[in-house]
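Enquirer: This is the structure I want to talk about, given as structure tokens.
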Amino acid sequence: MHIVDRRLNPGSKSFANRQRFLRRAKDMVEKAVREASKDRAIGDLESPGEISIPSEGTREPTFRHTQGSRRDLVLPGNKEYVEGDLIERPQGEGEGEGAGGQVGRGDGQEDAFRFILTRDEFLSIFLDDLELPDLAKRRVAQTEKEGLRRAGYTTSGTPANLALHRTLQTSLSRRIALKRPKQQTIDELAQRIEAAALRDSAEAERLRAELKALQQKRARISYLDPIDLRYRRFERFPKPVTQAVMFCLMDVSGSMTEHMKDLAKRFFMLLHVFLTRRYKRVEIVFIRHTDRAGEVDEETFFRSAETGGTMVSSALQEMARVIRERYDPGVWNIYAAQASDGDNLSSDNPLTRELLQNHILPLCQYFAYVEVSGPNAETHGYVPHHGQSSLWITYATLQKENDKFQMRRVSRREHIYSVFRQLFQRRAAKTAEAN
Amino acid sequence: MRGELLFEGKDWDFETIQRVHDAVATIAHKELGLDTFANQIEIITAEQMLDAYASTGMPLFYKHWSFGKRFAQHEGVYRMGLQGLAYEIVINADPCISYIMEENTATMQTLVIAHAAFGHNHFFKHNYQFRQWTDPEGILDYLSFAKTYIANCEERYGHAEVERLLDAAHALMPQGIDRYPRKRPMNLQLEEKREQDRKEERERLYDDLWRTVPGRARGSRQLASDKRRALLGLPQENILYFLEKVAPRLKPWQREVLRIVRLIAQYFYPQQQTKVMNEGCATYCHYRLLGRLHEKGQIGDGSFLEFLTSHTNATRQPFYDSPSYSGINPYALGFDMMRDIERIVREPTEEDRYWFPEIAGTGDAMEVLRHVWANYRDDSFIAQFLSPRLIRNWRLFHVVDDREHPHLEVASIHNERGYRDLRRSLAAQYEVGGYAPDIQIVDVDLAGNRKLVLHHRVRDGKMLELANASMVLGHLANLWGYEVLLQEIDSTNEQVLKEHMVRPEHG
């Protein structure tokens with residue numbers, strides 16, 4: 001008998017099958033993910049979750065019988081019946097009667113198929129058709145760092161990089177090419193000498209000479225020669241910067257209701273999830289403002305309210321300061337999202353515009369402005385409504401001039417996703433939409 | 001004699017497994033007279049068990065999305081704790097491979113080894129169905145060939161193309177099975193001999209008189225059709241075989257893939273037909289083996305109780321009105337019948353002597369059981385060996401559900417008049433013809449539009465379920481490349497009840 005321990009074998013043999021399954025059901029899974037993400041709290045977005053898809057596209061049909069006109073059931077556990085008894089046909093037939101159980105549903109809708117997507121699968125489907133704006137890519141390519149990667153073998157190097165396998169390979173081929181005598185051949189010859197020495201001394205003498213020649217040749221051709229040595233070679237290659245900083249700017253003045261803050265929070269969370277999937281390292285800076293702005297931690301950012309007027313320019317100044325001090329635009333990809341109800345001190349508007357256009361936008365990859373409004377406002381997305389806020393009007397001109405800047409309105413929780421998607425849609429799709 | 005305990009507590013290591021295997025082997029071979037393939041025991045994790053589930057238990061299998069779907073399903077219920085995993089999977093190969101899970105306790109490993117590595121193993125090696133249809137030595141090599149072949153096809157012809165083909169082949173898989181051995185082509189020598197015999201027979205029977213008798217000229221058309229059907233080997237119930245050999249538009253690699261699916265279906269065919277017997281045999285074996293181990297003092301009382309708990313759980317049969325009833329448990333029926341046969345052989349009653357004159361009181365239960373395990377399948381086994389006593393113990397009754405009557409009728413119960421009917425009805429439920437639709441290819445219009453004609457012989461008004469049937473027929477038409485006509489024919493009066501006509505999707 002053999003015992004084989006398979007526990008260390010690579011697991012997830014079914015991975016390839018699972019991928020094929022997800023590919024097969026792609027459209028339905030995507031739809032289901034969209035649906036599921038609507039109901040989910042933002043914090044849960046990253047946890048794995050069960051989704052359910054209609055079984056239509058993943059059905060495996062075979063020829064099956066319908067129930068037919070007559071069924072024979074043999075059941076265990078008779079207590080009261082005798083031959084010839086008539087039994088009322090049970091309601092909800094099929095249940096608990098084994099063989100015929102599933103037939104009733106056959107023609108119509110089959111049950112939905114439920115299964116669990118991992119976090120990665122969920123997010124990659126959820127964010128599948130989104131991408132960072134093209135601008136960001138160019139930026140990434142410019143700011144390069146250097147990395148090392150394997151690139152073949154070299155004949156010189158440090159002992160630590162010695163490629164043993166390759167070295168012995170070259171040694172072996174050299175020995176074969178130069179016909180280095182094997183130890184085995186020499187041993188055999190020595191034996192023949194011993195045997196010959198008893199019979200025929202002349203023969204033995206000749207063999208001894210041969211042996212000597214072989215031994216000399218063996219000594220001349222070394223087992224391992226410096227020319228055999230091979231080292232692993234590494235080369236430097238440009239590595240794009242994969243770190244990003246995300247600025248969350250929010251108006252916390254009295255006019256921002258809890259509902260608006262909730263919308264803003266959801267938007268920021270989505271942006272964060274999205275960025276963490278694209279960049280290895282993402283830092284977040286929270287800046288809140290009334291008529292003064294300050295950098296705060298997350299808790300304070302979302303929880304506490306302040307009173308005061310509204311000056312957006314203060315937040316932009318604060319952001320510029322933080323960038324100056326901590327985030328060198330040459331090394332960091334900078335993203336910013338601003339949420340506000342659109343109120344701003346009218347005298348502040350020109351300054352705000354000037355700051356954004358000349359100081360902030362040149363440093364950023366992307367700046368998204370989301371205007372949140374009460375749940376009763378009907379519109380969302382980029383549909384201007386009658387009462388345009390002062391900030392909206394200020395920004396509207398910017399949007400036309402600058403690709404890095406995008407703005408949207410959102411009033412209801414369920415619209416957050418679509419607004420987010422609009423902002424980060426693939427460019428190709430976007431231009432198609434515009435046409 | 002009291003032996004040494006094989007293990008104590010629940011922990012085990014490889015030496016324990018080896019010791020247990022050897023101890024069980026001694027009893028199995030010397031005392032029960034089991035004859036098994038060599039064993040290979042593989043230890044796997046729960047994750048790997050789930051993997052194995054998804055690909056029908058085989059250690060290597062080609063890739064297809066449906067296995068991914070199955071994996072997702074199993075994983076879902078398992079992760080939510082709704083369902084435990086099987087303790088073992090056993091593969092009909094030589095050597096016989098049993099997977100056991102690392103989570104199992106030492107007692108469970110003993111049970112699993114006795115059950116799978118000896119019970120199932122013996123059954124695989126001896127049952128005529130397995131001997132006729134499976135090749136335990138070659139199966140793993142064949143699966144590995146299949147896996148590589150299909151992977152290569154995916155690379156060469158594209159995932160979509162292969163997936164479409166496999167979808168179609170899987171849909172027809174239940175119709176890809178030979179139920180009877182196919183006629184082997186004769187070699188030249190035999191052919192010549194037959195020709196010679198025929199000639200002699202003709203010469204012997206020759207009488208010039210027949211020439212003068214005016215005969216009815218047989219329609220040449222009828223003859224042509226008969227001849228054509230004979231040449232194509234029609235009627236043919238193995239649809240995949242027919243397509244592989246005859247379908248005009250398939251490429252060679254597509255034929256090979258159909259063949260792979262067909263051969264794998266054939267490999268699993270005996271398992272469907274011997275579920276009750278196979279589990280009955282394995283359960284009976286582990287019951288005897290662990291019982292003996294306990295008697296010999298090789299496993300402790302605690303372990304024995306642990307074993308009995310899971311044994312009784314596995315062989316539990318709820319009554320029909322219990323909420324947990326979900327059909328007849330093959331473990332329970334199989335085990336009870338094996339025990340019953342043992343009883344009939346050892347201590348028969350008058351009734352047993354009347355019902356089972358051949359085996360009652362012959363004394364050697366194992367000899368009778370080994371014979372049974374080798375020569376029956378589920379339906380014949382039940383038809384032959386379900387005893388009145390067992391019918392009474394199980395309180396079986398037979399209910400007829402006729403659509404035309406407002407009530408269900410109890411046709412028979414566990415009494416003198418009912419035994420034969422119950423036995424026959426229960427056996428009928430395990431007949432292949434009972435659960436698999438009888439579909440045959442009957443004709444091909446080769447001279448005309450190459451339409452493929454199939455018949456479904458309808459018994460008891462069991463028509464084909466429409467949604468599924470049209471999908472399968474769509475697959476079939478795509479493989480065949482031309483129109484396909486399926487007629488549902490009442491097997492009692494040869495009336496055509498319904499016709500399905502399907503055209504292939506692309507050209």
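Residues are referred to by chain and number: the chain letter is A, B, ... according to the order shown in the structure tokens, the number counts from 1 in that chain, and ligands are numbered separately from 1 in the order shown.
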Against chain A, which residues of chain B fall within 7 Å? For each one I want the closest pair of atoms and the distance in Å (one decimal), counting only C-alpha atoms, rows by chain and increasing residue number, as CSV.
Expert:
residue,atom,partner,partner_atom,distance
B:Ala38,CA,A:Met1,CA,6.3
B:Asn39,CA,A:Met1,CA,5.1
B:Gln40,CA,A:His2,CA,4.7
B:Ile41,CA,A:Ile3,CA,4.8
B:Glu42,CA,A:Val4,CA,4.6
B:Ile43,CA,A:Asp5,CA,5.0
B:Ile44,CA,A:Arg7,CA,4.8
B:Thr45,CA,A:Arg7,CA,5.7
B:Gln48,CA,A:Gly11,CA,6.3
B:Asp51,CA,A:Ser14,CA,5.7
B:Lys63,CA,A:Asn17,CA,5.7
B:His64,CA,A:Asn17,CA,5.6
B:Trp65,CA,A:Phe21,CA,4.2
B:Ser66,CA,A:Phe21,CA,6.6
B:Phe67,CA,A:Asn17,CA,5.9
B:Gly68,CA,A:Arg18,CA,4.0
B:Lys69,CA,A:Phe21,CA,6.0
B:Ala72,CA,A:Phe115,CA,5.7
B:Gln73,CA,A:Phe115,CA,6.0
B:Gly76,CA,A:Phe115,CA,5.7
B:Ala171,CA,A:Thr62,CA,4.9
B:Leu172,CA,A:Thr62,CA,6.5
B:Phe319,CA,A:Gly77,CA,4.5
B:Tyr320,CA,A:Pro76,CA,5.7
B:Tyr325,CA,A:Gly96,CA,6.1
B:Ser326,CA,A:Gly98,CA,5.3
B:Gly327,CA,A:Gly98,CA,4.4
B:Trp394,CA,A:Pro76,CA,5.5
B:Arg395,CA,A:Gly77,CA,4.8
B:Leu396,CA,A:Pro76,CA,4.3
B:Phe397,CA,A:Leu75,CA,5.5
B:His398,CA,A:Val74,CA,4.5
B:Val399,CA,A:Leu73,CA,5.1
B:Val400,CA,A:Asp72,CA,4.9
B:Asp401,CA,A:Arg71,CA,4.9
B:Asp402,CA,A:Arg70,CA,4.4
B:Arg403,CA,A:Ser69,CA,5.1
B:His407,CA,A:Glu88,CA,5.2
B:Leu408,CA,A:Ile87,CA,4.9
B:Glu409,CA,A:Leu86,CA,4.7
B:Val410,CA,A:Gly84,CA,5.2
B:Ala411,CA,A:Glu83,CA,5.6
B:Ser412,CA,A:Glu83,CA,5.0
B:Ile413,CA,A:Glu83,CA,6.0
B:Ser425,CA,A:Val74,CA,7.0
B:Leu426,CA,A:Val74,CA,6.0
B:Pro437,CA,A:His65,CA,6.6
B:Asp460,CA,A:Arg70,CA,5.8
B:Gly461,CA,A:Gly68,CA,4.4
B:Lys462,CA,A:Gly68,CA,3.8
B:Met463,CA,A:Thr66,CA,5.5
B:Leu464,CA,A:His65,CA,4.7
B:Glu465,CA,A:Thr66,CA,5.1
B:Leu466,CA,A:Asp107,CA,6.9
B:Ala467,CA,A:Asp107,CA,6.0
B:Asn468,CA,A:Pro61,CA,5.1
B:Ala469,CA,A:Phe63,CA,5.3
B:Met471,CA,A:Pro61,CA,6.4
B:Val472,CA,A:Pro61,CA,6.0
Enquirer: Need to verify the contact set: range 208-223 of chain A, 12 Å, only C-alpha atoms, exclusion of same-chain residues closer than 5 positions in sequence. Can you return it as a PyMOL selection string?
Expert: chain A and resi 167-194+196-197+201-203+228-229
Enquirer: Could you list, as a list in words, every residue within 12 Å of Gly138 in chain B, counting only C-alpha atoms and ignoring same-chain residues fewer than 3 positions away?
Expert: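 Within the cut-off, the hits are Asn92, Ala93, Asp94, Pro95, Cys96, Thr134, Asp135, Asp141, Tyr142, Leu143, Ser144, Phe145, Leu263, Ile264 and Tyr267 of chain B.
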Enquirer: Given the selection you just returned, output its residues as a file containing N, CA and C atoms, formatted as a JSON list (two decimals), in the first residue's frame.
Expert:
[["chain", "number", "residue", "atom", "x", "y", "z"],
["B", 92, "ASN", "N", -12.14, 4.12, -9.01],
["B", 92, "ASN", "CA", -12.02, 2.79, -9.58],
["B", 92, "ASN", "C", -10.84, 2.76, -10.52],
["B", 93, "ALA", "N", -9.67, 2.53, -9.93],
["B", 93, "ALA", "CA", -8.46, 2.47, -10.74],
["B", 93, "ALA", "C", -7.60, 1.36, -10.14],
["B", 94, "ASP", "N", -6.61, 0.95, -10.87],
["B", 94, "ASP", "CA", -5.70, -0.07, -10.34],
["B", 94, "ASP", "C", -4.30, 0.53, -10.35],
["B", 95, "PRO", "N", -3.68, 0.83, -9.23],
["B", 95, "PRO", "CA", -4.16, 0.64, -7.86],
["B", 95, "PRO", "C", -5.35, 1.55, -7.54],
["B", 96, "CYS", "N", -6.17, 1.04, -6.61],
["B", 96, "CYS", "CA", -7.39, 1.75, -6.23],
["B", 96, "CYS", "C", -7.04, 2.95, -5.34],
["B", 134, "THR", "N", -15.35, -0.90, -17.60],
["B", 134, "THR", "CA", -14.28, 0.02, -17.18],
["B", 134, "THR", "C", -12.92, -0.65, -17.28],
["B", 135, "ASP", "N", -11.92, 0.21, -17.38],
["B", 135, "ASP", "CA", -10.56, -0.25, -17.48],
["B", 135, "ASP", "C", -9.75, 0.42, -16.38],
["B", 141, "ASP", "N", -4.40, 7.30, -16.98],
["B", 141, "ASP", "CA", -3.64, 7.69, -18.18],
["B", 141, "ASP", "C", -4.57, 8.31, -19.20],
["B", 142, "TYR", "N", -5.77, 7.72, -19.32],
["B", 142, "TYR", "CA", -6.68, 8.23, -20.31],
["B", 142, "TYR", "C", -7.15, 9.64, -19.95],
["B", 143, "LEU", "N", -7.45, 9.84, -18.64],
["B", 143, "LEU", "CA", -7.89, 11.17, -18.22],
["B", 143, "LEU", "C", -6.80, 12.19, -18.46],
["B", 144, "SER", "N", -5.57, 11.78, -18.22],
["B", 144, "SER", "CA", -4.47, 12.73, -18.43],
["B", 144, "SER", "C", -4.33, 13.04, -19.91],
["B", 145, "PHE", "N", -4.52, 12.02, -20.75],
["B", 145, "PHE", "CA", -4.52, 12.26, -22.19],
["B", 145, "PHE", "C", -5.63, 13.24, -22.57],
["B", 263, "LEU", "N", -16.41, 8.21, -23.77],
["B", 263, "LEU", "CA", -15.72, 7.16, -23.02],
["B", 263, "LEU", "C", -15.78, 7.42, -21.52],
["B", 264, "ILE", "N", -15.73, 8.71, -21.15],
["B", 264, "ILE", "CA", -15.82, 9.02, -19.72],
["B", 264, "ILE", "C", -17.23, 8.72, -19.21],
["B", 267, "TYR", "N", -17.45, 5.17, -18.60],
["B", 267, "TYR", "CA", -16.71, 4.76, -17.41],
["B", 267, "TYR", "C", -17.58, 4.90, -16.16]]
Enquirer: Within 12 Å of range 349-356 of chain B, counting only C-alpha atoms, which residues show up once you throw out same-chain ones fewer than 2 positions away? Write them as a ChimeraX atom specification, please.
Expert: /B:340-347,358-362,368,384-390,416,419-420
